[in-house]
$ cat input.cif   # mmCIF, C-alpha atoms
data_structure
loop_
_atom_site.label_atom_id
_atom_site.label_comp_id
_atom_site.auth_asym_id
_atom_site.auth_seq_id
_atom_site.Cartn_x
_atom_site.Cartn_y
_atom_site.Cartn_z
CA MET A 955 9.06 -50.59 -167.63
CA GLY A 956 5.46 -51.75 -167.74
CA CYS A 957 3.75 -49.90 -170.56
CA HIS A 958 7.02 -47.95 -171.12
CA ALA A 959 5.38 -44.65 -170.33
CA GLU A 960 5.70 -42.35 -173.33
CA ILE A 961 3.50 -39.39 -174.08
CA SER A 962 3.36 -36.44 -176.44
CA PRO A 963 4.56 -33.10 -175.00
CA GLU A 964 1.16 -31.45 -174.71
CA MET A 965 -0.38 -34.28 -172.64
CA VAL A 966 2.01 -34.49 -169.66
CA PRO A 967 0.11 -34.74 -166.32
CA ALA A 968 1.08 -32.67 -163.28
CA ASN A 969 2.82 -35.51 -161.43
CA PHE A 970 4.75 -36.64 -164.55
CA ARG A 971 3.74 -40.29 -164.10
CA CYS A 972 1.85 -42.67 -166.32
CA GLY A 973 -1.78 -43.11 -165.26
CA GLN A 974 -1.60 -46.82 -166.15
CA CYS A 975 1.69 -48.13 -164.78
CA GLY A 976 2.71 -45.28 -162.45
CA GLU A 977 6.20 -44.99 -163.95
CA LEU A 978 7.99 -41.77 -164.89
CA LEU A 979 7.19 -40.45 -168.33
CA ASP A 980 9.35 -40.06 -171.40
CA ILE A 981 8.62 -37.50 -174.11
CA ILE A 982 8.33 -38.71 -177.71
CA TYR A 983 8.54 -36.58 -180.83
CA PRO A 984 7.86 -36.88 -184.55
CA PRO A 985 10.78 -38.11 -186.70
CA GLN A 986 13.36 -35.52 -187.75
CA ASP A 987 13.04 -34.43 -191.39
CA LYS A 988 16.34 -32.54 -191.66
CA LEU A 989 19.53 -34.23 -192.83
CA PRO A 990 22.35 -34.67 -190.29
CA ALA A 991 24.58 -32.24 -192.20
CA GLU A 992 21.84 -29.59 -192.13
CA LEU A 993 21.39 -29.97 -188.39
CA ARG A 994 25.11 -29.83 -187.65
CA ALA A 995 25.50 -26.71 -189.80
CA ALA A 996 22.54 -24.97 -188.15
CA TRP A 997 23.76 -25.75 -184.64
CA LEU A 998 27.28 -24.57 -185.42
CA SER A 999 26.12 -21.34 -187.07
CA ARG A 1000 24.14 -20.39 -183.97
CA ARG A 1001 27.39 -20.26 -181.98
CA VAL A 1002 28.17 -16.89 -183.62
CA SER A 1003 24.62 -15.51 -183.38
CA ARG A 1004 23.98 -12.73 -180.86
CA SER A 1005 20.42 -13.87 -180.17
CA SER A 1006 20.06 -15.01 -176.56
CA ILE A 1007 18.30 -18.21 -177.58
CA ASP A 1008 21.17 -19.09 -179.92
CA GLU A 1009 23.80 -18.26 -177.30
CA SER A 1010 22.28 -20.97 -175.11
CA GLY A 1011 23.98 -24.32 -175.46
CA VAL A 1012 20.60 -25.92 -174.85
CA TRP A 1013 18.34 -23.93 -177.15
CA ARG A 1014 20.70 -23.83 -180.12
CA PHE A 1015 19.90 -27.57 -180.35
CA ARG A 1016 16.18 -26.76 -180.29
CA GLU A 1017 15.30 -29.18 -183.11
CA ALA A 1018 16.13 -31.91 -180.60
CA LEU A 1019 13.72 -30.59 -177.96
CA PRO A 1020 10.61 -29.05 -179.56
CA ILE A 1021 8.85 -28.69 -176.21
CA LEU A 1022 7.54 -25.13 -176.61
CA ALA A 1023 4.75 -23.82 -178.81
CA ASP A 1024 6.33 -20.35 -178.74
CA LEU A 1025 10.08 -19.77 -178.43
CA GLN A 1026 9.33 -16.36 -176.95
CA ASN A 1027 8.77 -18.28 -173.70
CA VAL A 1028 12.37 -19.44 -173.48
CA VAL A 1029 13.99 -18.52 -170.15
CA THR A 1030 17.75 -18.59 -170.53
CA LEU A 1031 20.89 -17.49 -168.72
CA GLN A 1032 23.06 -18.50 -171.71
CA GLU A 1033 23.70 -21.91 -170.21
CA GLY A 1034 25.59 -24.69 -171.91
CA ASN A 1035 28.45 -24.51 -174.41
CA THR A 1036 30.66 -25.78 -171.58
CA PRO A 1037 34.29 -26.77 -172.15
CA LEU A 1038 35.60 -30.25 -172.87
CA TYR A 1039 39.00 -30.29 -171.19
CA ALA A 1040 41.84 -32.66 -172.05
CA MET A 1041 43.05 -34.24 -168.77
CA PRO A 1042 46.46 -35.87 -169.34
CA ARG A 1043 47.44 -35.90 -165.66
CA CYS A 1044 44.17 -37.53 -164.63
CA ALA A 1045 44.42 -39.96 -167.54
CA LYS A 1046 47.65 -41.31 -166.07
CA PHE A 1047 46.05 -41.52 -162.62
CA GLY A 1048 43.01 -43.30 -164.08
CA GLY A 1049 45.02 -45.79 -166.13
CA VAL A 1050 44.05 -44.64 -169.64
CA ASN A 1051 45.71 -42.73 -172.47
CA LEU A 1052 42.97 -40.33 -173.60
CA LEU A 1053 40.73 -38.60 -171.08
CA TRP A 1054 38.52 -35.51 -171.22
CA GLY A 1055 36.30 -33.78 -168.68
CA LYS A 1056 33.01 -32.24 -169.80
CA HIS A 1057 32.80 -29.50 -167.19
CA GLN A 1058 29.16 -28.69 -166.51
CA GLY A 1059 30.31 -26.68 -163.52
CA MET A 1060 30.98 -23.87 -165.98
CA ASN A 1061 27.24 -23.20 -166.30
CA PRO A 1062 25.69 -19.95 -164.94
CA THR A 1063 24.86 -21.35 -161.48
CA GLY A 1064 27.82 -23.69 -161.48
CA SER A 1065 26.27 -27.09 -162.23
CA PHE A 1066 24.74 -29.32 -164.89
CA LYS A 1067 21.28 -28.58 -163.49
CA ASP A 1068 21.09 -25.37 -165.54
CA ALA A 1069 20.73 -27.32 -168.79
CA GLY A 1070 17.61 -29.03 -167.51
CA MET A 1071 16.23 -26.05 -165.66
CA THR A 1072 16.13 -23.73 -168.67
CA ALA A 1073 13.95 -26.28 -170.45
CA ALA A 1074 11.59 -27.03 -167.57
CA ILE A 1075 11.19 -23.41 -166.43
CA SER A 1076 10.42 -22.38 -170.01
CA VAL A 1077 7.62 -24.96 -170.14
CA ALA A 1078 6.36 -23.76 -166.75
CA LYS A 1079 6.28 -20.18 -168.04
CA GLU A 1080 4.40 -21.19 -171.19
CA ARG A 1081 1.82 -22.99 -169.06
CA GLY A 1082 1.28 -19.98 -166.82
CA ALA A 1083 2.82 -21.33 -163.62
CA SER A 1084 3.37 -18.75 -160.87
CA TRP A 1085 5.03 -21.02 -158.27
CA VAL A 1086 7.73 -23.62 -158.97
CA ALA A 1087 9.15 -26.00 -156.39
CA CYS A 1088 11.82 -28.61 -155.82
CA ALA A 1089 13.43 -30.76 -153.17
CA SER A 1090 17.19 -30.53 -153.39
CA THR A 1091 20.62 -31.43 -152.06
CA GLY A 1092 21.82 -28.08 -153.39
CA ASN A 1093 22.46 -27.80 -157.11
CA THR A 1094 18.84 -28.17 -158.21
CA SER A 1095 17.71 -25.52 -155.75
CA ALA A 1096 20.37 -23.05 -156.92
CA ALA A 1097 19.45 -23.56 -160.57
CA MET A 1098 15.70 -23.44 -160.03
CA ALA A 1099 15.90 -20.31 -157.88
CA ALA A 1100 18.01 -18.49 -160.48
CA TYR A 1101 15.81 -19.40 -163.45
CA ALA A 1102 12.62 -18.68 -161.51
CA ALA A 1103 13.98 -15.23 -160.66
CA ARG A 1104 14.82 -14.71 -164.31
CA ALA A 1105 11.29 -15.70 -165.32
CA GLY A 1106 9.59 -13.60 -162.64
CA MET A 1107 8.21 -16.66 -160.84
CA ARG A 1108 8.12 -17.53 -157.15
CA ALA A 1109 10.20 -20.49 -156.01
CA LEU A 1110 9.83 -22.92 -153.10
CA VAL A 1111 12.87 -24.96 -152.09
CA LEU A 1112 12.87 -27.86 -149.60
CA ILE A 1113 16.31 -28.92 -148.41
CA PRO A 1114 17.46 -31.38 -145.74
CA GLU A 1115 18.65 -29.51 -142.65
CA GLY A 1116 22.41 -29.54 -142.22
CA LYS A 1117 22.96 -31.73 -145.29
CA ILE A 1118 23.65 -29.15 -147.98
CA ALA A 1119 26.88 -27.40 -148.90
CA TRP A 1120 26.82 -23.76 -147.80
CA GLY A 1121 27.89 -22.49 -151.21
CA LYS A 1122 24.77 -23.98 -152.78
CA LEU A 1123 22.47 -22.73 -150.03
CA ALA A 1124 23.92 -19.22 -150.43
CA GLN A 1125 22.94 -19.23 -154.11
CA THR A 1126 19.37 -20.25 -153.35
CA LEU A 1127 18.98 -17.46 -150.81
CA ASP A 1128 20.55 -14.87 -153.09
CA TYR A 1129 18.16 -15.68 -155.93
CA GLY A 1130 15.17 -15.07 -153.66
CA ALA A 1131 13.61 -18.52 -153.19
CA LEU A 1132 11.48 -19.38 -150.17
CA THR A 1133 13.94 -21.85 -148.65
CA LEU A 1134 12.79 -24.31 -146.00
CA GLN A 1135 15.18 -26.66 -144.22
CA LEU A 1136 13.29 -29.78 -143.20
CA ARG A 1137 14.38 -32.03 -140.36
CA THR A 1138 14.84 -35.01 -142.65
CA ASP A 1139 17.01 -36.21 -145.54
CA PHE A 1140 16.58 -35.56 -149.27
CA ASP A 1141 14.18 -38.44 -149.71
CA GLY A 1142 12.06 -37.10 -146.86
CA CYS A 1143 11.95 -33.72 -148.62
CA VAL A 1144 10.71 -35.46 -151.77
CA LYS A 1145 7.89 -37.10 -149.81
CA VAL A 1146 6.75 -33.78 -148.34
CA LEU A 1147 6.86 -32.16 -151.77
CA ALA A 1148 4.71 -34.94 -153.21
CA LEU A 1149 2.07 -34.22 -150.57
CA LEU A 1150 2.22 -30.50 -151.32
CA MET A 1151 1.41 -31.18 -154.98
CA GLY A 1152 -2.16 -31.95 -153.96
CA LEU A 1153 -2.49 -28.92 -151.69
CA ALA A 1154 -1.00 -25.98 -153.58
CA PRO A 1155 -0.77 -24.85 -157.23
CA ILE A 1156 2.96 -25.47 -157.64
CA TYR A 1157 4.82 -26.72 -160.70
CA LEU A 1158 7.29 -29.48 -159.81
CA LEU A 1159 10.83 -29.05 -161.08
CA ASN A 1160 12.65 -32.07 -159.70
CA SER A 1161 14.18 -34.45 -162.23
CA VAL A 1162 10.98 -36.51 -162.38
CA ASN A 1163 9.87 -33.68 -164.67
CA PRO A 1164 10.68 -35.05 -168.16
CA TYR A 1165 11.35 -31.57 -169.53
CA ARG A 1166 14.34 -31.39 -167.19
CA LEU A 1167 15.80 -34.42 -168.94
CA GLU A 1168 15.19 -32.86 -172.34
CA GLY A 1169 17.50 -30.01 -171.41
CA GLN A 1170 19.98 -32.27 -169.63
CA LYS A 1171 20.46 -34.41 -172.72
CA THR A 1172 22.01 -31.51 -174.67
CA PRO A 1173 25.53 -31.92 -173.19
CA ALA A 1174 25.59 -35.19 -175.16
CA PHE A 1175 25.12 -33.14 -178.34
CA GLU A 1176 27.88 -30.78 -177.22
CA ILE A 1177 30.29 -33.65 -176.51
CA ALA A 1178 29.66 -35.16 -179.94
CA GLU A 1179 30.11 -31.78 -181.61
CA GLN A 1180 33.31 -31.08 -179.66
CA MET A 1181 34.69 -34.48 -180.74
CA ASP A 1182 33.94 -33.78 -184.43
CA TRP A 1183 30.72 -35.81 -184.27
CA GLN A 1184 32.47 -38.91 -183.01
CA ALA A 1185 30.98 -40.31 -179.81
CA PRO A 1186 33.51 -41.20 -177.12
CA ASP A 1187 34.05 -44.85 -176.33
CA HIS A 1188 32.98 -44.38 -172.73
CA LEU A 1189 31.13 -41.70 -170.77
CA ILE A 1190 31.35 -41.90 -166.97
CA VAL A 1191 28.69 -40.11 -164.90
CA PRO A 1192 28.12 -39.59 -161.15
CA GLY A 1193 25.06 -41.38 -159.79
CA GLY A 1194 22.68 -39.53 -157.47
CA ASN A 1195 19.03 -39.29 -158.49
CA LEU A 1196 20.14 -40.88 -161.80
CA ALA A 1197 18.37 -38.46 -164.14
CA ASN A 1198 21.66 -37.28 -165.64
CA SER A 1199 22.77 -40.68 -166.93
CA SER A 1200 19.23 -41.21 -168.22
CA ALA A 1201 19.19 -37.86 -170.04
CA LEU A 1202 22.62 -38.28 -171.62
CA GLY A 1203 21.70 -41.78 -172.77
CA MET A 1204 18.60 -40.31 -174.42
CA GLY A 1205 20.69 -37.68 -176.13
CA PHE A 1206 23.18 -40.11 -177.63
CA ALA A 1207 20.37 -42.47 -178.68
CA GLN A 1208 18.61 -39.58 -180.43
CA MET A 1209 21.79 -38.64 -182.28
CA LEU A 1210 22.33 -42.23 -183.37
CA GLU A 1211 18.74 -42.46 -184.64
CA TRP A 1212 19.19 -39.24 -186.62
CA GLY A 1213 22.48 -40.37 -188.15
CA LEU A 1214 24.55 -37.72 -186.35
CA ILE A 1215 26.88 -40.31 -184.78
CA GLU A 1216 27.76 -43.87 -185.75
CA LYS A 1217 27.75 -45.57 -182.34
CA LEU A 1218 26.60 -45.20 -178.76
CA PRO A 1219 29.20 -44.62 -176.08
CA ARG A 1220 29.22 -46.99 -173.15
CA ILE A 1221 27.69 -45.08 -170.24
CA SER A 1222 28.73 -46.06 -166.73
CA VAL A 1223 27.48 -44.74 -163.38
CA ILE A 1224 29.61 -44.26 -160.27
CA GLN A 1225 28.13 -43.88 -156.79
CA ALA A 1226 29.56 -43.14 -153.36
CA GLU A 1227 29.75 -46.19 -151.09
CA GLY A 1228 27.48 -44.48 -148.58
CA ALA A 1229 24.81 -43.69 -151.18
CA ASN A 1230 24.91 -46.71 -153.46
CA PRO A 1231 21.40 -48.06 -154.12
CA LEU A 1232 21.94 -48.50 -157.86
CA PHE A 1233 25.28 -50.25 -157.32
CA ALA A 1234 23.64 -52.64 -154.84
CA SER A 1235 20.74 -53.25 -157.22
CA TRP A 1236 23.08 -53.93 -160.14
CA ARG A 1237 25.28 -56.24 -158.06
CA ASP A 1238 22.56 -58.13 -156.21
CA HIS A 1239 19.52 -58.05 -158.51
CA ASP A 1240 20.89 -57.32 -161.99
CA GLY A 1241 19.15 -53.95 -161.82
CA LYS A 1242 15.68 -55.48 -161.66
CA GLU A 1243 14.74 -54.12 -158.24
CA LEU A 1244 16.10 -51.40 -155.98
CA SER A 1245 16.08 -51.07 -152.21
CA PRO A 1246 16.47 -47.54 -150.81
CA VAL A 1247 19.42 -46.88 -148.50
CA ALA A 1248 20.07 -44.32 -145.77
CA ALA A 1249 22.43 -42.15 -147.82
CA ASN A 1250 25.59 -40.85 -146.17
CA THR A 1251 28.44 -39.23 -148.11
CA ARG A 1252 30.34 -35.94 -148.06
CA ALA A 1253 29.63 -35.70 -151.78
CA THR A 1254 26.36 -33.94 -150.98
CA ALA A 1255 25.14 -33.64 -154.58
CA ILE A 1256 24.74 -37.44 -154.76
CA ARG A 1257 23.61 -38.06 -151.17
CA ILE A 1258 20.40 -39.72 -152.36
CA GLY A 1259 19.18 -43.08 -151.13
CA ASN A 1260 16.05 -43.59 -153.22
CA PRO A 1261 16.75 -42.32 -156.76
CA ALA A 1262 13.62 -41.53 -158.75
CA SER A 1263 15.08 -42.25 -162.19
CA TRP A 1264 16.74 -45.59 -161.46
CA LYS A 1265 14.68 -47.55 -163.98
CA LYS A 1266 15.52 -45.08 -166.73
CA ALA A 1267 19.19 -45.33 -165.76
CA VAL A 1268 19.07 -49.13 -165.91
CA ARG A 1269 17.65 -48.92 -169.43
CA VAL A 1270 20.60 -46.74 -170.48
CA LEU A 1271 23.11 -49.05 -168.81
CA ARG A 1272 21.68 -52.06 -170.62
CA ALA A 1273 21.42 -50.28 -173.98
CA THR A 1274 25.04 -49.10 -173.88
CA GLY A 1275 26.74 -51.99 -172.06
CA GLY A 1276 27.72 -49.74 -169.15
CA HIS A 1277 28.91 -50.58 -165.66
CA VAL A 1278 28.00 -49.48 -162.14
CA GLU A 1279 30.71 -49.01 -159.51
CA GLN A 1280 31.03 -47.51 -156.03
CA VAL A 1281 33.92 -45.56 -154.51
CA SER A 1282 34.91 -44.72 -150.96
CA GLU A 1283 35.13 -41.30 -149.33
CA ALA A 1284 38.92 -41.49 -149.41
CA GLU A 1285 38.91 -42.43 -153.09
CA ILE A 1286 36.62 -39.48 -153.87
CA ALA A 1287 38.83 -37.05 -151.95
CA LEU A 1288 42.00 -38.23 -153.71
CA ALA A 1289 40.39 -38.09 -157.15
CA LYS A 1290 39.08 -34.57 -156.49
CA ALA A 1291 42.56 -33.41 -155.52
CA GLU A 1292 44.00 -34.97 -158.69
CA ILE A 1293 41.46 -33.09 -160.82
CA GLY A 1294 42.30 -29.89 -158.98
CA ALA A 1295 46.01 -30.44 -159.60
CA GLU A 1296 45.12 -30.56 -163.31
CA GLY A 1297 44.04 -26.92 -162.94
CA ILE A 1298 40.35 -27.67 -163.39
CA GLY A 1299 38.57 -28.19 -160.07
CA CYS A 1300 35.13 -29.66 -159.36
CA GLU A 1301 32.69 -30.41 -156.59
CA PRO A 1302 33.18 -33.71 -154.68
CA ALA A 1303 30.34 -35.51 -156.50
CA SER A 1304 32.06 -34.90 -159.84
CA ALA A 1305 35.23 -36.60 -158.63
CA VAL A 1306 33.53 -39.99 -158.26
CA THR A 1307 33.92 -40.28 -162.03
CA LEU A 1308 37.72 -40.29 -161.92
CA ALA A 1309 37.79 -42.56 -158.88
CA GLY A 1310 35.39 -44.92 -160.63
CA LEU A 1311 37.37 -44.85 -163.88
CA ARG A 1312 40.46 -45.93 -161.97
CA LYS A 1313 38.61 -48.90 -160.47
CA LEU A 1314 37.04 -49.90 -163.79
CA ALA A 1315 40.43 -49.73 -165.52
CA ARG A 1316 42.01 -51.93 -162.84
CA GLN A 1317 39.16 -54.41 -163.28
CA GLY A 1318 39.77 -54.55 -167.05
CA LYS A 1319 36.38 -53.00 -167.80
CA VAL A 1320 38.03 -49.98 -169.43
CA GLN A 1321 40.91 -50.41 -171.87
CA PRO A 1322 43.84 -47.94 -171.95
CA GLU A 1323 43.28 -46.99 -175.60
CA GLU A 1324 39.62 -46.02 -175.16
CA LYS A 1325 38.52 -42.40 -175.50
CA ILE A 1326 36.95 -41.57 -172.14
CA VAL A 1327 34.86 -38.56 -171.08
CA LEU A 1328 34.13 -37.80 -167.43
CA LEU A 1329 31.06 -35.72 -166.68
CA LEU A 1330 32.08 -33.10 -164.12
CA THR A 1331 28.77 -31.96 -162.71
CA GLY A 1332 29.62 -29.00 -160.49
CA HIS A 1333 32.09 -26.17 -159.87
CA VAL A 1334 34.81 -26.41 -157.22
CA LEU A 1335 33.30 -23.42 -155.36
CA LYS A 1336 30.04 -25.30 -154.78
CA ASP A 1337 31.60 -26.88 -151.69
CA PRO A 1338 34.69 -24.89 -150.61
CA GLU A 1339 34.62 -26.30 -147.06
CA TYR A 1340 35.33 -29.78 -148.43
CA THR A 1341 38.37 -28.52 -150.35
CA LEU A 1342 39.72 -26.52 -147.41
CA ASP A 1343 39.32 -29.46 -145.04
CA PHE A 1344 41.19 -31.73 -147.46
CA HIS A 1345 44.15 -29.37 -147.80
CA GLN A 1346 44.32 -28.85 -144.04
CA GLN A 1347 44.20 -32.65 -143.65
CA LYS A 1348 41.00 -32.50 -141.60
CA LEU A 1349 38.65 -34.15 -144.11
CA LEU A 1350 39.36 -37.86 -143.85
CA THR A 1351 39.18 -39.95 -140.70
CA GLU A 1352 42.06 -42.24 -139.76
CA THR A 1353 39.92 -45.21 -140.75
CA GLU A 1354 39.25 -43.68 -144.18
CA LYS A 1355 42.93 -42.97 -144.70
CA ALA A 1356 43.81 -46.53 -143.66
CA SER A 1357 41.53 -47.88 -146.42
CA LEU A 1358 43.87 -46.52 -149.09
CA ILE A 1359 46.82 -48.39 -150.52
CA ALA A 1360 50.25 -47.12 -149.46
CA GLU A 1361 50.96 -45.13 -152.63
CA ASP A 1362 47.59 -43.37 -152.38
CA LYS A 1363 48.21 -42.43 -148.75
CA THR A 1364 51.43 -40.79 -149.88
CA GLU A 1365 49.62 -39.02 -152.73
CA VAL A 1366 46.97 -37.64 -150.37
CA ARG A 1367 49.69 -36.15 -148.16
CA ARG A 1368 51.57 -34.76 -151.16
CA LEU A 1369 48.48 -33.10 -152.65
CA ALA A 1370 47.38 -31.48 -149.38
CA ARG A 1371 48.47 -27.82 -149.59
CA ALA A 1372 47.45 -25.87 -146.50
CA PRO A 1373 48.20 -22.12 -146.52
CA GLN A 1374 51.37 -21.22 -144.67
CA VAL A 1375 51.71 -18.33 -142.21
CA VAL A 1376 55.06 -16.52 -142.45
CA ASP A 1377 56.47 -13.19 -141.36
CA ALA A 1378 55.80 -10.16 -143.56
CA THR A 1379 59.38 -9.99 -144.85
CA ALA A 1380 61.01 -10.73 -148.17
CA ASP A 1381 63.41 -13.14 -146.42
CA ALA A 1382 60.54 -15.19 -145.01
CA VAL A 1383 58.88 -15.40 -148.40
CA MET A 1384 62.20 -16.36 -150.03
CA ARG A 1385 62.70 -19.18 -147.53
CA ALA A 1386 59.22 -20.50 -148.37
CA LEU A 1387 60.01 -20.28 -152.10
CA GLU A 1388 63.31 -22.12 -151.65
CA ALA A 1389 61.67 -24.86 -149.63
CA LYS A 1390 58.99 -25.26 -152.28
CA ALA A 1391 61.61 -25.41 -155.03
CA GLN A 1392 63.18 -28.42 -153.34
CA GLU A 1393 59.95 -30.40 -153.66
CA ALA A 1394 59.13 -32.54 -156.68
CA PRO A 1395 56.53 -30.82 -158.92
CA GLN A 1396 52.96 -32.08 -158.74
#
$ encode --input "input.cif" --output "structure tokens"
Amino acid sequence: MGCHAEISPEMVPANFRCGQCGELLDIIYPPQDKLPAELRAAWLSRRVSRSSIDESGVWRFREALPILADLQNVVTLQEGNTPLYAMPRCAKFGGVNLLWGKHQGMNPTGSFKDAGMTAAISVAKERGASWVACASTGNTSAAMAAYAARAGMRALVLIPEGKIAWGKLAQTLDYGALTLQLRTDFDGCVKVLALLMGLAPIYLLNSVNPYRLEGQKTPAFEIAEQMDWQAPDHLIVPGGNLANSSALGMGFAQMLEWGLIEKLPRISVIQAEGANPLFASWRDHDGKELSPVAANTRATAIRIGNPASWKKAVRVLRATGGHVEQVSEAEIALAKAEIGAEGIGCEPASAVTLAGLRKLARQGKVQPEEKIVLLLTGHVLKDPEYTLDFHQQKLLTETEKASLIAEDKTEVRRLARAPQVVDATADAVMRALEAKAQEAPQ
């Protein structure tokens, strides 16, 4: 990565890029002087503290992200501490024995973005910022708007017109951000925001901001803690702007360096076929160069054609021996329904992880006995229209359905559960119950 842009926390420039090589910056810190056992004990003890900073699943790991001079500047909504769910049904679907889902959709605004936003907004507050801004496909804008409101800051959100789930847009409006829909895609919004940086005193909160990644690495610490400080064999992450895989790789590398874990998990990235620039780069150029694509997928959270953090993601893939795969719209829809049938639920972008796991397992790149964790990035209510369309069998085109193998076509039909309209009588309800009882359980 050129000069491998690293810089101490107090010297980060406004555009978060190295003045020599132009690449995105990483933050470096002094070595840790506490023993692993001391750190683990401190982090665990904070789980029972009633202090707001300790109730945060980001800030209770604050030794790992000393980015503030004064902890009084922490802006928190008690994010983090999200569940790690066992997923036996999805394990069978994916072709493995042991599978968990780290559900970041259980954060305050319903996505993994909260972990990064608490860190970056806190830095913005400490530096006296009055306006913060982002370009977004939805989750970033919801998180930034909420944390800006909490901090008493003004927020500017640029979103692509007609290309954002309504649930996410509703959050942004409710939290009071100035929300502008631009007649372009996400990458076009990023370009406009870059121009604004030179015209207005705004603090950028997209994932190019390295403080975002500092917060977003903390789910790695949570996963290790929840697995009794044993890293999983494999962590599978959705691929959009690619900051999440980068951040989690940083987190696991930091834990390995500090002696908190004994190995790195393999980290793999899954993209939608219609928004697959990293997959194409990995397949065609061994990850050495990336060509932007015109992104098109119903998984709006990863509808990004020119990911800013792709070089950081490639470093993580190489360091951990990970894979990159792509999945179709039909494969995403089926995987999402399987996760929902497990009683968990997630946004469409999260479901690429299960669809990708299934493909990797069939390719022999994942072994059945491995311990696998899927990163579920967003809550099912982030995109309710998608879920309703699936269950009413209006989501997939005939061509998309035809791309599935026969058993998956049957599974899609079986999982689709549209609401039934019946008469307001006990007999009508009993007939529906009896018909349901004749069906095989999901």
$ atom_distance --input "input.cif" --atom1 "atom CA of A:Leu993" --atom2 "atom CA of A:Asn1163"
26.6 Å
$ resolve_selection --input "input.cif" --expression "the PyMOL selection byres ((chain A and resi 1104-1120) around 9)" --output "ChimeraX atom specification"
/A:1029-1031,1075-1076,1079,1083-1092,1095,1098-1103,1121-1126,1130-1144,1146-1147,1156,1252,1254-1255,1257,1336-1340
$ atom_distance --input "input.cif" --atom1 "atom CA of A:Val1327" --atom2 "atom CA of A:Leu1288"
18.8 Å
$ residues_around --input "input.cif" --residues "stretch 1201-1207 of chain A" --least-positions-apart "3" --cutoff "10 Å" --atoms "all atoms listed in the file" --output "MDAnalysis selection string"
chainID A and resid 980 1018 1070 1161 1164 1166:1175 1177:1178 1185 1189 1191 1196:1198 1210:1215 1217:1221 1263 1266:1267 1269:1271 1273:1274
$ residues_around --input "input.cif" --residues "A:Ser1304" --least-positions-apart "2" --cutoff "7 Å" --atoms "only C-alpha atoms" --output "PyMOL selection string"
chain A and resi 1192+1300-1302+1306-1307+1329-1332
$ residues_around --input "input.cif" --residues "A:Trp997" --least-positions-apart "4" --cutoff "8 Å" --atoms "only C-alpha atoms" --output "mmCIF file with C-alpha atoms, in the frame of the given file"
data_model
loop_
_atom_site.group_PDB
_atom_site.id
_atom_site.type_symbol
_atom_site.label_atom_id
_atom_site.label_comp_id
_atom_site.auth_asym_id
_atom_site.auth_seq_id
_atom_site.Cartn_x
_atom_site.Cartn_y
_atom_site.Cartn_z
ATOM 1 C CA LEU A 993 21.390 -29.970 -188.390
ATOM 2 C CA ARG A 1001 27.390 -20.260 -181.980
ATOM 3 C CA ARG A 1014 20.700 -23.830 -180.120
ATOM 4 C CA PHE A 1015 19.900 -27.570 -180.350
#
$ closest_residue --input "input.cif" --among "A:Val1268, A:Leu1358, A:Ala1096, A:Val1281" --to "A:Thr1251" --atoms "all atoms listed in the file"
A:Val1281
$ residues_near_point --input "input.cif" --point "(33.9, -39.1, -173.2)" --cutoff "7 Å" --atoms "all atoms listed in the file" --output "list of chain:residue names"
A:Trp1054, A:Pro1186, A:Asp1187, A:His1188, A:Leu1189, A:Lys1325, A:Ile1326, A:Val1327, A:Leu1328
$ write_last_selection --input "input.cif" --atoms "C-alpha atoms" --output "PDB file, in the frame of the given file"
ATOM      1  CA  TRP A1054      38.520 -35.510-171.220  1.00  0.00           C
ATOM      2  CA  PRO A1186      33.510 -41.200-177.120  1.00  0.00           C
ATOM      3  CA  ASP A1187      34.050 -44.850-176.330  1.00  0.00           C
ATOM      4  CA  HIS A1188      32.980 -44.380-172.730  1.00  0.00           C
ATOM      5  CA  LEU A1189      31.130 -41.700-170.770  1.00  0.00           C
ATOM      6  CA  LYS A1325      38.520 -42.400-175.500  1.00  0.00           C
ATOM      7  CA  ILE A1326      36.950 -41.570-172.140  1.00  0.00           C
ATOM      8  CA  VAL A1327      34.860 -38.560-171.080  1.00  0.00           C
ATOM      9  CA  LEU A1328      34.130 -37.800-167.430  1.00  0.00           C
TER      10      LEU A1328
END
$ closest_residue --input "input.cif" --among "A:Ser1006, A:Gln1374, A:Pro1042, A:Lys1363" --to "A:Leu1387" --atoms "all atoms listed in the file"
A:Gln1374
$ closest_residue --input "input.cif" --among "A:Met1181, A:Met1151, A:Ile1190, A:Leu1019" --to "A:Leu1314" --atoms "only C-alpha atoms"
A:Ile1190
$ closest_residue --input "input.cif" --among "A:Phe970, A:Gly1299, A:Ala1262, A:Pro1246" --to "A:Gln1058" --atoms "only C-alpha atoms"
A:Gly1299
$ closest_residue --input "input.cif" --among "A:Ala1284, A:Ala1378, A:Met1041, A:Val1077" --to "A:Ile1021" --atoms "only C-alpha atoms"
A:Val1077
$ closest_residue --input "input.cif" --among "A:Ala1045, A:Met1071, A:Ala1315, A:Val1376" --to "A:Glu1296" --atoms "all atoms listed in the file"
A:Ala1045
